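Peer 1: Take this structure first; my questions come after.
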Amino acid sequence: MWKRAVGYGALLATGTLALQWLDYQRMARMHSGDIYAFLVAAAFLVLGIVLGVRVFATPVPPAFDGNPKAQAALGLSGRELEVLQELAAGHSNKEIAAHLHISPNTVKTHVARLFEKLGAKRRTEAIRRARELGIVP
């Protein structure tokens, strides 16, 4: 009994598929211009999106390296670089001392050496000079 039901189901499915195919063929013949226009419009849409993403994508900025040549020329130590980065971040001597786990007097010594090496008299001048040299971002 179930074999006969499956057979009738397969026959109905084949008939439905044939009718749908004929309906598709009729629609394709009647609306071929519309179908072509849709395909061309879709292709231009995809092309526009791809080109827009490539043209208007923001370029990747180069990685910041800290200008090792300038650091070597000035003779900056690793700890002085850390203090300089903290200065550039706008921290006070007490905050720098807390971040780096050193005493405030040590921070003052490093800042004085930085001023001397960078030829600066104030923090802002030292930071500006370091940024010009590419030592800090």
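Please note that chains go A, B, ... in the order of the structure tokens, that every chain numbers its residues from 1, and that ligands are numbered from 1 in the order shown.
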Determine which residues of segment 79-127 of chain A receive a DSSP assignment of helix (DSSP H, G or I), computed from the backbone, and state them as an MDAnalysis selection string.

Peer 2: chainID A and resid 79:88 93:100 104:118 123:127

Peer 1: Take atom CA of Gln71 of chain A and atom CA of Val136 of chain A and report the distance between them in Å, one decimal.

Peer 2: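 One can read the atom CA of Gln71 of chain A to atom CA of Val136 of chain A distance as 10.4 Å.
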
Peer 1: What is the distance, in Å and to one decimal place, between atom CA of Lys117 of chain A and atom CA of Ala88 of chain A?

Peer 2: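 One can read the atom CA of Lys117 of chain A to atom CA of Ala88 of chain A distance as 15.9 Å.
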
Peer 1: Give me the residues near Lys94 of chain A as a list in words, where near means some atom within 9 Å (using only C-alpha atoms) and where sequence neighbours in that chain fewer than 3 positions away do not count.

Peer 2: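 The residues that qualify are His91, Ala97, Ala98, His99, Ser103, Pro104 and Val107 of chain A.
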
Peer 1: For the residues selected in the previous step, produce a file with N, CA and C atoms as a tab-separated table (two decimals), in the first residue's frame.

Peer 2:
chain	number	residue	atom	x	y	z
A	91	HIS	N	51.09	62.55	32.81
A	91	HIS	CA	51.10	62.19	34.22
A	91	HIS	C	52.06	63.07	35.02
A	97	ALA	N	55.88	57.90	39.27
A	97	ALA	CA	56.56	57.08	40.29
A	97	ALA	C	55.70	55.89	40.68
A	98	ALA	N	54.41	56.10	40.83
A	98	ALA	CA	53.51	54.99	41.20
A	98	ALA	C	53.42	53.96	40.08
A	99	HIS	N	53.33	54.41	38.82
A	99	HIS	CA	53.22	53.48	37.69
A	99	HIS	C	54.48	52.66	37.50
A	103	SER	N	60.82	55.95	43.15
A	103	SER	CA	60.54	57.10	44.01
A	103	SER	C	60.35	58.36	43.16
A	104	PRO	N	59.61	59.34	43.70
A	104	PRO	CA	59.44	60.61	42.97
A	104	PRO	C	60.76	61.32	42.70
A	107	VAL	N	62.20	59.93	39.61
A	107	VAL	CA	61.48	60.47	38.45
A	107	VAL	C	62.04	61.85	38.12

Peer 1: Write out as a PyMOL selection string which residues come within 10 Å of Ala126 of chain A when counting only C-alpha atoms, dropping same-chain ones fewer than 2 positions away.

Peer 2: chain A and resi 84+87-88+111+114-124+128-132

Peer 1: Set the distance at 8 Å and use only C-alpha atoms: which residues neighbour His110 of chain A once local chain neighbours fewer than 6 positions away are removed? I'd like the list as a list in words.

Peer 2: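 In the requested form, the answer reads Arg79, Glu80 and Val83 of chain A.
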
Peer 1: Let me make sure I understand: among A:Asn93, A:Gln20, A:Pro68, A:Thr14, which one has the smallest atom-to-atom distance to Thr106 of chain A if we use only C-alpha atoms?

Peer 2: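 Comparing A:Asn93, A:Gln20, A:Pro68, A:Thr14 against Thr106 of chain A, the winner is A:Asn93.
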
Peer 1: Nearest residue to Gly78 of chain A out of A:Met1, A:Ala43, A:Val53, A:Leu100, using only C-alpha atoms?

Peer 2: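 Counting only C-alpha atoms, the residue closest to Gly78 of chain A is A:Leu100.
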